Structures are given as structure tokens and as C-alpha cells.
$ cat run17.pdb   # PDB, C-alpha atoms and all ligand atoms
ATOM      1  CA  MET K 186      22.735  28.008  32.064  1.00  0.00           C
ATOM      2  CA  THR K 187      21.923  27.256  35.702  1.00  0.00           C
ATOM      3  CA  SER K 188      22.968  29.652  38.437  1.00  0.00           C
ATOM      4  CA  SER K 189      25.593  28.421  40.857  1.00  0.00           C
ATOM      5  CA  LEU K 190      24.554  30.071  44.097  1.00  0.00           C
ATOM      6  CA  PRO K 191      26.006  28.130  47.017  1.00  0.00           C
ATOM      7  CA  VAL K 192      23.337  26.130  48.832  1.00  0.00           C
ATOM      8  CA  SER K 193      22.960  26.637  52.561  1.00  0.00           C
ATOM      9  CA  PHE K 194      21.966  24.164  55.211  1.00  0.00           C
ATOM     10  CA  PRO K 195      18.372  24.479  56.468  1.00  0.00           C
ATOM     11  CA  LEU K 196      17.547  27.303  58.857  1.00  0.00           C
ATOM     12  CA  ILE K 197      15.451  26.554  61.943  1.00  0.00           C
ATOM     13  CA  LEU K 198      13.898  29.470  63.826  1.00  0.00           C
ATOM     14  CA  GLY K 199      13.595  28.443  67.453  1.00  0.00           C
ATOM     15  CA  SER K 200      10.746  30.755  68.373  1.00  0.00           C
ATOM     16  CA  ALA K 201       7.009  30.915  68.957  1.00  0.00           C
ATOM     17  CA  SER K 202       7.076  34.663  68.363  1.00  0.00           C
ATOM     18  CA  PRO K 203       5.201  35.765  65.226  1.00  0.00           C
ATOM     19  CA  ARG K 204       7.251  38.984  65.404  1.00  0.00           C
ATOM     20  CA  ARG K 205      10.516  37.127  64.877  1.00  0.00           C
ATOM     21  CA  ARG K 206       9.105  35.284  61.860  1.00  0.00           C
ATOM     22  CA  GLU K 207       7.872  38.568  60.388  1.00  0.00           C
ATOM     23  CA  LEU K 208      11.180  40.304  61.047  1.00  0.00           C
ATOM     24  CA  LEU K 209      13.066  37.551  59.231  1.00  0.00           C
ATOM     25  CA  ALA K 210      10.605  37.784  56.339  1.00  0.00           C
ATOM     26  CA  GLN K 211      11.324  41.522  56.171  1.00  0.00           C
ATOM     27  CA  ILE K 212      14.932  40.764  55.226  1.00  0.00           C
ATOM     28  CA  GLY K 213      13.960  38.017  52.791  1.00  0.00           C
ATOM     29  CA  LEU K 214      14.477  35.059  55.078  1.00  0.00           C
ATOM     30  CA  ALA K 215      11.965  32.244  55.367  1.00  0.00           C
ATOM     31  CA  PRO K 216      13.123  29.618  57.872  1.00  0.00           C
ATOM     32  CA  ASP K 217      12.841  26.019  56.683  1.00  0.00           C
ATOM     33  CA  ASP K 218      11.139  25.236  59.959  1.00  0.00           C
ATOM     34  CA  ILE K 219       9.859  27.093  63.030  1.00  0.00           C
ATOM     35  CA  VAL K 220      10.181  25.157  66.270  1.00  0.00           C
ATOM     36  CA  PRO K 221       9.484  26.892  69.590  1.00  0.00           C
ATOM     37  CA  ALA K 222      11.956  25.987  72.321  1.00  0.00           C
ATOM     38  CA  ASP K 223      10.297  25.236  75.620  1.00  0.00           C
ATOM     39  CA  ILE K 224      12.688  26.378  78.331  1.00  0.00           C
ATOM     40  CA  ASP K 225      12.365  27.826  81.822  1.00  0.00           C
ATOM     41  CA  GLU K 226      12.699  31.607  81.393  1.00  0.00           C
ATOM     42  CA  THR K 227      12.954  32.463  85.102  1.00  0.00           C
ATOM     43  CA  PRO K 228      15.804  34.903  85.816  1.00  0.00           C
ATOM     44  CA  GLN K 229      18.555  33.636  88.101  1.00  0.00           C
ATOM     45  CA  LYS K 230      19.258  35.424  91.364  1.00  0.00           C
ATOM     46  CA  SER K 231      21.002  38.783  90.684  1.00  0.00           C
ATOM     47  CA  GLU K 232      21.174  38.040  86.950  1.00  0.00           C
ATOM     48  CA  SER K 233      21.529  41.243  84.902  1.00  0.00           C
ATOM     49  CA  PRO K 234      19.007  41.890  82.093  1.00  0.00           C
ATOM     50  CA  ARG K 235      21.797  41.625  79.515  1.00  0.00           C
ATOM     51  CA  LYS K 236      23.005  38.268  80.876  1.00  0.00           C
ATOM     52  CA  LEU K 237      19.429  36.978  81.052  1.00  0.00           C
ATOM     53  CA  ALA K 238      18.717  37.860  77.408  1.00  0.00           C
ATOM     54  CA  GLU K 239      21.898  36.126  76.277  1.00  0.00           C
ATOM     55  CA  ARG K 240      21.474  33.039  78.458  1.00  0.00           C
ATOM     56  CA  LEU K 241      17.881  32.463  77.353  1.00  0.00           C
ATOM     57  CA  ALA K 242      18.767  32.881  73.659  1.00  0.00           C
ATOM     58  CA  VAL K 243      21.621  30.396  74.116  1.00  0.00           C
ATOM     59  CA  GLU K 244      19.377  27.925  75.942  1.00  0.00           C
ATOM     60  CA  LYS K 245      16.558  28.225  73.381  1.00  0.00           C
ATOM     61  CA  ALA K 246      18.924  27.417  70.509  1.00  0.00           C
ATOM     62  CA  ALA K 247      20.677  24.641  72.460  1.00  0.00           C
ATOM     63  CA  ALA K 248      17.338  22.997  73.310  1.00  0.00           C
ATOM     64  CA  LEU K 249      16.782  22.312  69.599  1.00  0.00           C
ATOM     65  CA  LYS K 250      20.260  21.108  68.723  1.00  0.00           C
ATOM     66  CA  THR K 251      19.843  17.337  69.099  1.00  0.00           C
ATOM     67  CA  ALA K 252      16.662  17.208  67.039  1.00  0.00           C
ATOM     68  CA  HIS K 253      18.096  19.478  64.328  1.00  0.00           C
ATOM     69  CA  SER K 254      21.690  18.550  63.642  1.00  0.00           C
ATOM     70  CA  ASP K 255      22.996  19.634  60.215  1.00  0.00           C
ATOM     71  CA  CYS K 256      20.950  22.843  60.467  1.00  0.00           C
ATOM     72  CA  TYR K 257      21.426  26.448  61.398  1.00  0.00           C
ATOM     73  CA  ILE K 258      19.401  27.120  64.543  1.00  0.00           C
ATOM     74  CA  LEU K 259      18.532  30.729  65.362  1.00  0.00           C
ATOM     75  CA  ALA K 260      16.918  31.773  68.635  1.00  0.00           C
ATOM     76  CA  ALA K 261      16.447  35.031  70.513  1.00  0.00           C
ATOM     77  CA  ASP K 262      15.142  36.484  73.724  1.00  0.00           C
ATOM     78  CA  THR K 263      13.975  40.028  74.456  1.00  0.00           C
ATOM     79  CA  VAL K 264      14.121  41.584  77.910  1.00  0.00           C
ATOM     80  CA  VAL K 265      12.823  45.013  78.988  1.00  0.00           C
ATOM     81  CA  ALA K 266      14.762  46.576  81.857  1.00  0.00           C
ATOM     82  CA  LEU K 267      14.567  49.682  84.014  1.00  0.00           C
ATOM     83  CA  GLY K 268      18.102  49.795  85.309  1.00  0.00           C
ATOM     84  CA  ASN K 269      18.617  46.279  86.650  1.00  0.00           C
ATOM     85  CA  ARG K 270      14.915  45.685  87.182  1.00  0.00           C
ATOM     86  CA  ILE K 271      13.579  43.200  84.651  1.00  0.00           C
ATOM     87  CA  LEU K 272      10.032  43.680  83.359  1.00  0.00           C
ATOM     88  CA  GLY K 273       8.941  40.395  81.826  1.00  0.00           C
ATOM     89  CA  LYS K 274       5.622  39.544  80.228  1.00  0.00           C
ATOM     90  CA  ALA K 275       2.788  40.788  82.400  1.00  0.00           C
ATOM     91  CA  GLU K 276       0.478  38.064  83.654  1.00  0.00           C
ATOM     92  CA  ASN K 277      -2.637  40.190  83.890  1.00  0.00           C
ATOM     93  CA  THR K 278      -3.932  43.708  83.271  1.00  0.00           C
ATOM     94  CA  ALA K 279      -2.970  44.882  86.760  1.00  0.00           C
ATOM     95  CA  GLU K 280       0.629  43.829  86.201  1.00  0.00           C
ATOM     96  CA  ALA K 281       0.644  45.384  82.734  1.00  0.00           C
ATOM     97  CA  ARG K 282      -0.580  48.657  84.283  1.00  0.00           C
ATOM     98  CA  LYS K 283       2.186  48.441  86.879  1.00  0.00           C
ATOM     99  CA  TYR K 284       4.866  47.958  84.205  1.00  0.00           C
ATOM    100  CA  LEU K 285       3.566  50.778  82.020  1.00  0.00           C
ATOM    101  CA  THR K 286       3.372  53.086  85.025  1.00  0.00           C
ATOM    102  CA  LEU K 287       7.008  52.279  85.776  1.00  0.00           C
ATOM    103  CA  LEU K 288       7.994  53.029  82.167  1.00  0.00           C
ATOM    104  CA  SER K 289       5.962  56.266  82.034  1.00  0.00           C
ATOM    105  CA  GLY K 290       8.080  59.378  81.469  1.00  0.00           C
ATOM    106  CA  ARG K 291      11.318  57.408  81.699  1.00  0.00           C
ATOM    107  CA  ARG K 292      14.064  55.947  79.597  1.00  0.00           C
ATOM    108  CA  HIS K 293      14.560  52.166  79.705  1.00  0.00           C
ATOM    109  CA  LYS K 294      16.568  49.566  77.846  1.00  0.00           C
ATOM    110  CA  VAL K 295      15.507  46.668  75.684  1.00  0.00           C
ATOM    111  CA  TYR K 296      18.032  43.844  75.347  1.00  0.00           C
ATOM    112  CA  SER K 297      17.703  41.129  72.743  1.00  0.00           C
ATOM    113  CA  GLY K 298      19.994  38.139  72.942  1.00  0.00           C
ATOM    114  CA  VAL K 299      20.521  36.284  69.670  1.00  0.00           C
ATOM    115  CA  SER K 300      22.116  32.876  69.413  1.00  0.00           C
ATOM    116  CA  LEU K 301      23.057  30.813  66.376  1.00  0.00           C
ATOM    117  CA  ILE K 302      24.167  27.196  66.199  1.00  0.00           C
ATOM    118  CA  THR K 303      25.844  26.248  62.926  1.00  0.00           C
ATOM    119  CA  PRO K 304      25.587  22.831  61.233  1.00  0.00           C
ATOM    120  CA  THR K 305      29.050  22.008  62.604  1.00  0.00           C
ATOM    121  CA  GLY K 306      27.798  22.635  66.127  1.00  0.00           C
ATOM    122  CA  THR K 307      29.503  25.967  66.825  1.00  0.00           C
ATOM    123  CA  GLN K 308      27.335  28.311  68.912  1.00  0.00           C
ATOM    124  CA  VAL K 309      27.735  32.084  68.660  1.00  0.00           C
ATOM    125  CA  SER K 310      25.719  34.673  70.557  1.00  0.00           C
ATOM    126  CA  ARG K 311      25.411  38.351  71.176  1.00  0.00           C
ATOM    127  CA  VAL K 312      23.230  40.905  72.894  1.00  0.00           C
ATOM    128  CA  VAL K 313      22.006  44.164  71.392  1.00  0.00           C
ATOM    129  CA  ALA K 314      20.674  47.010  73.554  1.00  0.00           C
ATOM    130  CA  THR K 315      18.270  49.774  72.525  1.00  0.00           C
ATOM    131  CA  SER K 316      17.345  52.709  74.719  1.00  0.00           C
ATOM    132  CA  VAL K 317      13.651  53.720  74.624  1.00  0.00           C
ATOM    133  CA  LEU K 318      12.102  56.924  75.990  1.00  0.00           C
ATOM    134  CA  PHE K 319       8.408  56.866  76.940  1.00  0.00           C
ATOM    135  CA  LYS K 320       6.346  59.999  77.302  1.00  0.00           C
ATOM    136  CA  ARG K 321       4.552  60.494  80.603  1.00  0.00           C
ATOM    137  CA  LEU K 322       1.384  58.383  80.385  1.00  0.00           C
ATOM    138  CA  SER K 323      -1.926  59.835  81.543  1.00  0.00           C
ATOM    139  CA  ASP K 324      -4.685  57.743  83.088  1.00  0.00           C
ATOM    140  CA  THR K 325      -6.505  58.019  79.753  1.00  0.00           C
ATOM    141  CA  ASP K 326      -3.442  56.703  77.894  1.00  0.00           C
ATOM    142  CA  LEU K 327      -3.184  53.751  80.262  1.00  0.00           C
ATOM    143  CA  ALA K 328      -6.894  52.945  80.148  1.00  0.00           C
ATOM    144  CA  ALA K 329      -6.943  53.110  76.343  1.00  0.00           C
ATOM    145  CA  TYR K 330      -3.868  50.909  75.977  1.00  0.00           C
ATOM    146  CA  LEU K 331      -5.032  48.324  78.480  1.00  0.00           C
ATOM    147  CA  SER K 332      -8.495  48.124  76.925  1.00  0.00           C
ATOM    148  CA  HIS K 333      -7.124  45.920  74.169  1.00  0.00           C
ATOM    149  CA  ASP K 334      -4.773  42.967  74.394  1.00  0.00           C
ATOM    150  CA  GLU K 335      -1.643  44.307  72.723  1.00  0.00           C
ATOM    151  CA  TRP K 336       0.273  44.148  76.020  1.00  0.00           C
ATOM    152  CA  GLN K 337      -0.138  40.384  76.214  1.00  0.00           C
ATOM    153  CA  GLY K 338       2.903  38.245  75.446  1.00  0.00           C
ATOM    154  CA  LYS K 339       5.209  41.269  75.152  1.00  0.00           C
ATOM    155  CA  ALA K 340       8.174  41.937  77.388  1.00  0.00           C
ATOM    156  CA  GLY K 341       7.479  45.084  79.424  1.00  0.00           C
ATOM    157  CA  ALA K 342       3.766  44.901  78.457  1.00  0.00           C
ATOM    158  CA  TYR K 343       4.027  47.026  75.322  1.00  0.00           C
ATOM    159  CA  ALA K 344       4.601  46.652  71.601  1.00  0.00           C
ATOM    160  CA  ILE K 345       6.562  49.408  69.894  1.00  0.00           C
ATOM    161  CA  GLN K 346       5.252  48.132  66.552  1.00  0.00           C
ATOM    162  CA  GLY K 347       1.660  48.601  67.730  1.00  0.00           C
ATOM    163  CA  HIS K 348      -0.396  51.286  69.443  1.00  0.00           C
ATOM    164  CA  ALA K 349       2.367  51.819  71.994  1.00  0.00           C
ATOM    165  CA  ALA K 350       4.191  53.733  69.262  1.00  0.00           C
ATOM    166  CA  ARG K 351       2.007  56.656  70.404  1.00  0.00           C
ATOM    167  CA  PHE K 352       3.933  56.689  73.673  1.00  0.00           C
ATOM    168  CA  ILE K 353       7.477  56.489  72.384  1.00  0.00           C
ATOM    169  CA  LYS K 354       9.260  59.805  72.105  1.00  0.00           C
ATOM    170  CA  SER K 355      12.535  58.420  70.861  1.00  0.00           C
ATOM    171  CA  ILE K 356      14.734  55.399  70.664  1.00  0.00           C
ATOM    172  CA  ASN K 357      18.483  55.160  70.521  1.00  0.00           C
ATOM    173  CA  GLY K 358      19.676  52.075  68.659  1.00  0.00           C
ATOM    174  CA  SER K 359      18.055  49.284  66.674  1.00  0.00           C
ATOM    175  CA  TYR K 360      14.259  49.379  66.195  1.00  0.00           C
ATOM    176  CA  SER K 361      14.011  45.713  65.174  1.00  0.00           C
ATOM    177  CA  ASN K 362      15.869  44.840  68.375  1.00  0.00           C
ATOM    178  CA  VAL K 363      12.936  46.218  70.395  1.00  0.00           C
ATOM    179  CA  VAL K 364      10.420  44.251  68.320  1.00  0.00           C
ATOM    180  CA  GLY K 365      12.366  41.054  69.090  1.00  0.00           C
ATOM    181  CA  LEU K 366      15.284  40.477  66.720  1.00  0.00           C
ATOM    182  CA  PRO K 367      18.047  42.925  65.743  1.00  0.00           C
ATOM    183  CA  LEU K 368      18.093  42.489  61.975  1.00  0.00           C
ATOM    184  CA  PHE K 369      21.450  44.078  61.178  1.00  0.00           C
ATOM    185  CA  GLU K 370      23.321  42.033  63.776  1.00  0.00           C
ATOM    186  CA  THR K 371      21.388  38.850  62.948  1.00  0.00           C
ATOM    187  CA  THR K 372      22.284  39.227  59.272  1.00  0.00           C
ATOM    188  CA  ASN K 373      25.955  39.649  60.172  1.00  0.00           C
ATOM    189  CA  MET K 374      25.820  36.640  62.456  1.00  0.00           C
ATOM    190  CA  LEU K 375      24.229  34.412  59.804  1.00  0.00           C
ATOM    191  CA  GLN K 376      26.421  35.559  56.924  1.00  0.00           C
ATOM    192  CA  GLY K 377      29.552  35.606  59.093  1.00  0.00           C
ATOM    193  CA  ASN K 378      28.933  31.951  59.854  1.00  0.00           C
ATOM    194  CA  GLY K 379      28.396  30.811  56.300  1.00  0.00           C
ATOM    195  CA  TYR K 380      24.627  31.038  55.908  1.00  0.00           C
ATOM    196  CA  VAL K 381      23.942  32.212  52.378  1.00  0.00           C
ATOM    197  CA  PHE K 382      20.936  34.426  51.634  1.00  0.00           C
TER     198      PHE K 382
HETATM  199  C1  LIG W 401       9.387  45.398  73.935  1.00  0.00           C
HETATM  200  C2  LIG W 401       8.662  44.585  72.906  1.00  0.00           C
HETATM  201  C3  LIG W 401       8.610  43.203  72.987  1.00  0.00           C
HETATM  202  N1  LIG W 401       7.939  42.469  72.049  1.00  0.00           N
HETATM  203  C4  LIG W 401       7.842  41.007  72.141  1.00  0.00           C
HETATM  204  C5  LIG W 401       8.935  40.259  71.363  1.00  0.00           C
HETATM  205  C6  LIG W 401       8.866  38.875  71.980  1.00  0.00           C
HETATM  206  O1  LIG W 401       7.909  38.099  71.273  1.00  0.00           O
HETATM  207  C7  LIG W 401       8.364  39.149  73.393  1.00  0.00           C
HETATM  208  C8  LIG W 401       9.422  38.858  74.424  1.00  0.00           C
HETATM  209  O2  LIG W 401       9.366  37.504  74.765  1.00  0.00           O
HETATM  210  P1  LIG W 401      10.467  36.429  74.397  1.00  0.00           P
HETATM  211  O3  LIG W 401      10.541  35.465  75.550  1.00  0.00           O
HETATM  212  O4  LIG W 401      11.718  37.090  73.945  1.00  0.00           O
HETATM  213  O5  LIG W 401       9.863  35.692  73.135  1.00  0.00           O
HETATM  214  P2  LIG W 401       8.526  34.848  72.990  1.00  0.00           P
HETATM  215  O6  LIG W 401       8.199  34.123  74.268  1.00  0.00           O
HETATM  216  O7  LIG W 401       7.451  35.734  72.410  1.00  0.00           O
HETATM  217  O8  LIG W 401       8.923  33.815  71.858  1.00  0.00           O
HETATM  218  P3  LIG W 401      10.091  32.697  71.888  1.00  0.00           P
HETATM  219  O9  LIG W 401      10.664  32.624  73.284  1.00  0.00           O
HETATM  220  O10 LIG W 401       9.421  31.415  71.495  1.00  0.00           O
HETATM  221  O11 LIG W 401      11.075  33.152  70.871  1.00  0.00           O
HETATM  222  O12 LIG W 401       8.001  40.533  73.462  1.00  0.00           O
HETATM  223  C9  LIG W 401       7.311  43.100  70.988  1.00  0.00           C
HETATM  224  O13 LIG W 401       6.693  42.437  70.142  1.00  0.00           O
HETATM  225  N2  LIG W 401       7.379  44.469  70.879  1.00  0.00           N
HETATM  226  C10 LIG W 401       8.017  45.248  71.793  1.00  0.00           C
HETATM  227  O14 LIG W 401       8.037  46.493  71.643  1.00  0.00           O
END

$ encode --input "run17.pdb" --output "C-alpha cells"
Amino acid sequence: MTSSLPVSFPLILGSASPRRRELLAQIGLAPDDIVPADIDETPQKSESPRKLAERLAVEKAAALKTAHSDCYILAADTVVALGNRILGKAENTAEARKYLTLLSGRRHKVYSGVSLITPTGTQVSRVVATSVLFKRLSDTDLAAYLSHDEWQGKAGAYAIQGHAARFIKSINGSYSNVVGLPLFETTNMLQGNGYVF
């Protein structure tokens, strides 16, 4: 007898981030295709971190819609924020040092926007926030962290899933959200919109 599991439409992950692919794999999801969305990620004037994370996730998914009709398209964006100040990806070691010095001994928020386009063209989105508390970083901590390239390509110039875990006293909220994709909310979004897995 053959099983009669309902068959879903293909899932496209609109992301160049290896973290997002790994996070999906963690919950048993292998996208049918991975297609980075090339959009301008510059914040708008006075845009809040939350709004930025949502807008960029929406735009990343929307950028892939025409080329991938009849698919589920999932995209996300992660923003690190100290109050309303957005810390993006550092461009060089000096900027990474500046960001980490700002985060030192303080609590900040990480917002991930997630957006899903269904095969019928409906787009749903949400933002998840996690609060992260860094210990006070010594010069030795900073020098050690900046001596390897973990800071590169990460919002706020750190990776909670890497060596930066040494610096994190506590988090309040979703861990996977900090790494780049809130898995509980993403699962609900996919299943709530008919994606079977
Ligand atoms: C705060 C934090 C961010 N990050 C990463 C997740 C994201 O890859 C990156 C934030 O940049 P994003 O612009 O969200 O993502 P991306 O440019 O890497 O990939 P794409 O836009 O194609 O989806 O920072 C970590 O890996 N660990 C962390 O602790």
C-alpha cells in the first residue's frame, strides 16, 4: 500500500545565508532550491529596526516571485539593534570592534523578519524579537574575537552560534531567531499556509 501524504508545492529559500539553510535542515526541511535575493538593504530614513527587518524580508521574497510562481518562497532578514540604532554587518575589523564595544555589558535586541509567499501569491510576514545580554568585554576578549573572521557577514558583528557564545550571559526569546530564522514561528507560518512537512 502506498502512503497518501499530501504533496506540497516546491519550497524556495530566498537566502545566501548558510545559517538559514542549516536552521531549516534542523527541523527536517530541505528547500527544493536556494536562490539568494539581491536587494538594496539600506535602511530608510528613521526606519525602526523592526520595520527594517520586516521590509527586507518582504522585499527578498517578492524579488523571487516572478521567477518562481507555483512555489512557496521563504525569505528572512536579521537586524541587530541597540534601542533604535541599527548595527548592520561590519565592513572591516575597526567597525566590528566599534559594534562589539557598543554591545559590551549591555542588552540589545535581535529582530528577524520572515516572509512567505504561497503558490497562490499570498504574502504573509512577521517579525520576531529576541533580547540578548552581553557581558562586559575586555580588551583581551575583543582582540581574541577579532583575530578570526567570525564577525564577518553577521549582523552586529557577532555569531551567537560561534565563539561569541562566550560573551552571552542570557537571552530572552528565540535562539534560532538570533542565528537568522525563528524556527517555531517559521514552522507555524509554513504549516498555517498549507506547506506540508
Ligand atoms: C546576530 C547574528 C546574526 N547572524 C547572521 C544571520 C544572517 O546571515 C546575518 C544577517 O544578515 P541578513 O541580511 O539577514 O542575511 P544574509 O545577508 O546573511 O543572507 P540573505 O540576505 O541572503 O538571506 O547575520 C548569525 O549568524 N548569528 C548571530 O548571532

$ closest_atom_pairs --input "run17.pdb" --of "chain K" --to "ligand LIG 401 (chain W)" --cutoff "9 Å" --atoms "only C-alpha atoms and all ligand atoms" --output "tab-separated table"
residue	atom	partner	partner_atom	distance
K:Leu198	CA	W:LIG401	O11	8.4
K:Gly199	CA	W:LIG401	O11	6.3
K:Ser200	CA	W:LIG401	O10	3.5
K:Ala201	CA	W:LIG401	O10	3.5
K:Ser202	CA	W:LIG401	O8	4.0
K:Pro203	CA	W:LIG401	O1	7.0
K:Arg204	CA	W:LIG401	O13	5.9
K:Arg205	CA	W:LIG401	O1	7.0
K:Val220	CA	W:LIG401	O10	8.2
K:Pro221	CA	W:LIG401	O10	4.9
K:Ala222	CA	W:LIG401	O10	6.0
K:Asp223	CA	W:LIG401	O10	7.5
K:Ile224	CA	W:LIG401	O9	8.3
K:Glu226	CA	W:LIG401	O3	7.3
K:Ala238	CA	W:LIG401	O4	7.8
K:Leu241	CA	W:LIG401	O3	8.1
K:Ala242	CA	W:LIG401	O9	8.1
K:Lys245	CA	W:LIG401	O9	7.4
K:Ala260	CA	W:LIG401	O11	6.4
K:Ala261	CA	W:LIG401	O11	5.7
K:Asp262	CA	W:LIG401	O4	3.5
K:Thr263	CA	W:LIG401	O4	3.7
K:Val264	CA	W:LIG401	C8	6.5
K:Val265	CA	W:LIG401	C1	6.1
K:Gly273	CA	W:LIG401	C8	7.6
K:Lys274	CA	W:LIG401	O2	6.9
K:Val295	CA	W:LIG401	C1	6.5
K:Tyr296	CA	W:LIG401	C1	8.9
K:Ser297	CA	W:LIG401	O4	7.3
K:Gly298	CA	W:LIG401	O4	8.4
K:Glu335	CA	W:LIG401	O13	8.9
K:Trp336	CA	W:LIG401	C9	8.7
K:Gln337	CA	W:LIG401	O12	8.6
K:Gly338	CA	W:LIG401	C7	5.9
K:Lys339	CA	W:LIG401	O12	3.3
K:Ala340	CA	W:LIG401	O12	4.2
K:Gly341	CA	W:LIG401	C1	5.8
K:Ala342	CA	W:LIG401	C1	7.2
K:Tyr343	CA	W:LIG401	O14	5.5
K:Ala344	CA	W:LIG401	O14	3.4
K:Ile345	CA	W:LIG401	O14	3.7
K:Gln346	CA	W:LIG401	O14	6.0
K:Gly347	CA	W:LIG401	N2	7.7
K:Ala349	CA	W:LIG401	O14	7.8
K:Ala350	CA	W:LIG401	O14	8.5
K:Tyr360	CA	W:LIG401	O14	8.8
K:Ser361	CA	W:LIG401	N2	8.8
K:Asn362	CA	W:LIG401	C2	8.5
K:Val363	CA	W:LIG401	O14	5.1
K:Val364	CA	W:LIG401	N2	4.0
K:Gly365	CA	W:LIG401	C5	4.2
K:Leu366	CA	W:LIG401	C5	7.9

$ closest_residue --input "run17.pdb" --among "K:Ile271, K:Ile219, K:Leu287, K:Ala210" --to "K:Glu232" --atoms "only C-alpha atoms"
K:Ile271

$ closest_residue --input "run17.pdb" --among "K:Gly268, K:Gly358, K:Pro234, K:Gly306" --to "K:Thr251" --atoms "all atoms listed in the file"
K:Gly306

$ atom_distance --input "run17.pdb" --atom1 "atom CA of K:Glu370" --atom2 "atom CA of K:Tyr257"
15.9 Å

$ residues_around --input "run17.pdb" --residues "K:Ile353" --least-positions-apart "2" --cutoff "8 Å" --atoms "all atoms listed in the file" --output "VMD selection string"
chain K and resid 317 to 320 345 349 to 351 355 to 356

$ write_last_selection --input "run17.pdb" --atoms "C-alpha atoms" --output "CSV table (one decimal), keeping the file's coordinate frame"
chain,number,residue,atom,x,y,z
K,317,VAL,CA,13.7,53.7,74.6
K,318,LEU,CA,12.1,56.9,76.0
K,319,PHE,CA,8.4,56.9,76.9
K,320,LYS,CA,6.3,60.0,77.3
K,345,ILE,CA,6.6,49.4,69.9
K,349,ALA,CA,2.4,51.8,72.0
K,350,ALA,CA,4.2,53.7,69.3
K,351,ARG,CA,2.0,56.7,70.4
K,355,SER,CA,12.5,58.4,70.9
K,356,ILE,CA,14.7,55.4,70.7

$ closest_residue --input "run17.pdb" --among "K:Lys250, K:Lys236, K:Arg206, K:Arg292" --to "K:Gln308" --atoms "only C-alpha atoms"
K:Lys250

$ closest_residue --input "run17.pdb" --among "K:Lys283, K:Arg291, K:Arg235, K:His253" --to "K:Ala314" --atoms "only C-alpha atoms"
K:Arg235

$ closest_residue --input "run17.pdb" --among "K:Gln229, K:Ser193, K:Ser323, K:Asn357" --to "K:Gly290" --atoms "only C-alpha atoms"
K:Ser323

$ atom_distance --input "run17.pdb" --atom1 "atom CA of K:Val309" --atom2 "atom CA of K:Arg240"
11.7 Å

$ axis_aligned_box --input "run17.pdb" --around "stretch 358-365 of chain K" --padding-each-side "8 Å" --output "JSON"
{"center_x": 15.0, "center_y": 46.6, "center_z": 67.8, "size_x": 25.3, "size_y": 27.0, "size_z": 21.2}

$ closest_residue --input "run17.pdb" --among "K:Asp225, K:Phe352, K:Ala246, K:Thr315" --to "K:Leu288" --atoms "only C-alpha atoms"
K:Phe352

$ atom_distance --input "run17.pdb" --atom1 "atom CA of K:Thr371" --atom2 "atom CA of K:Glu276"
29.4 Å
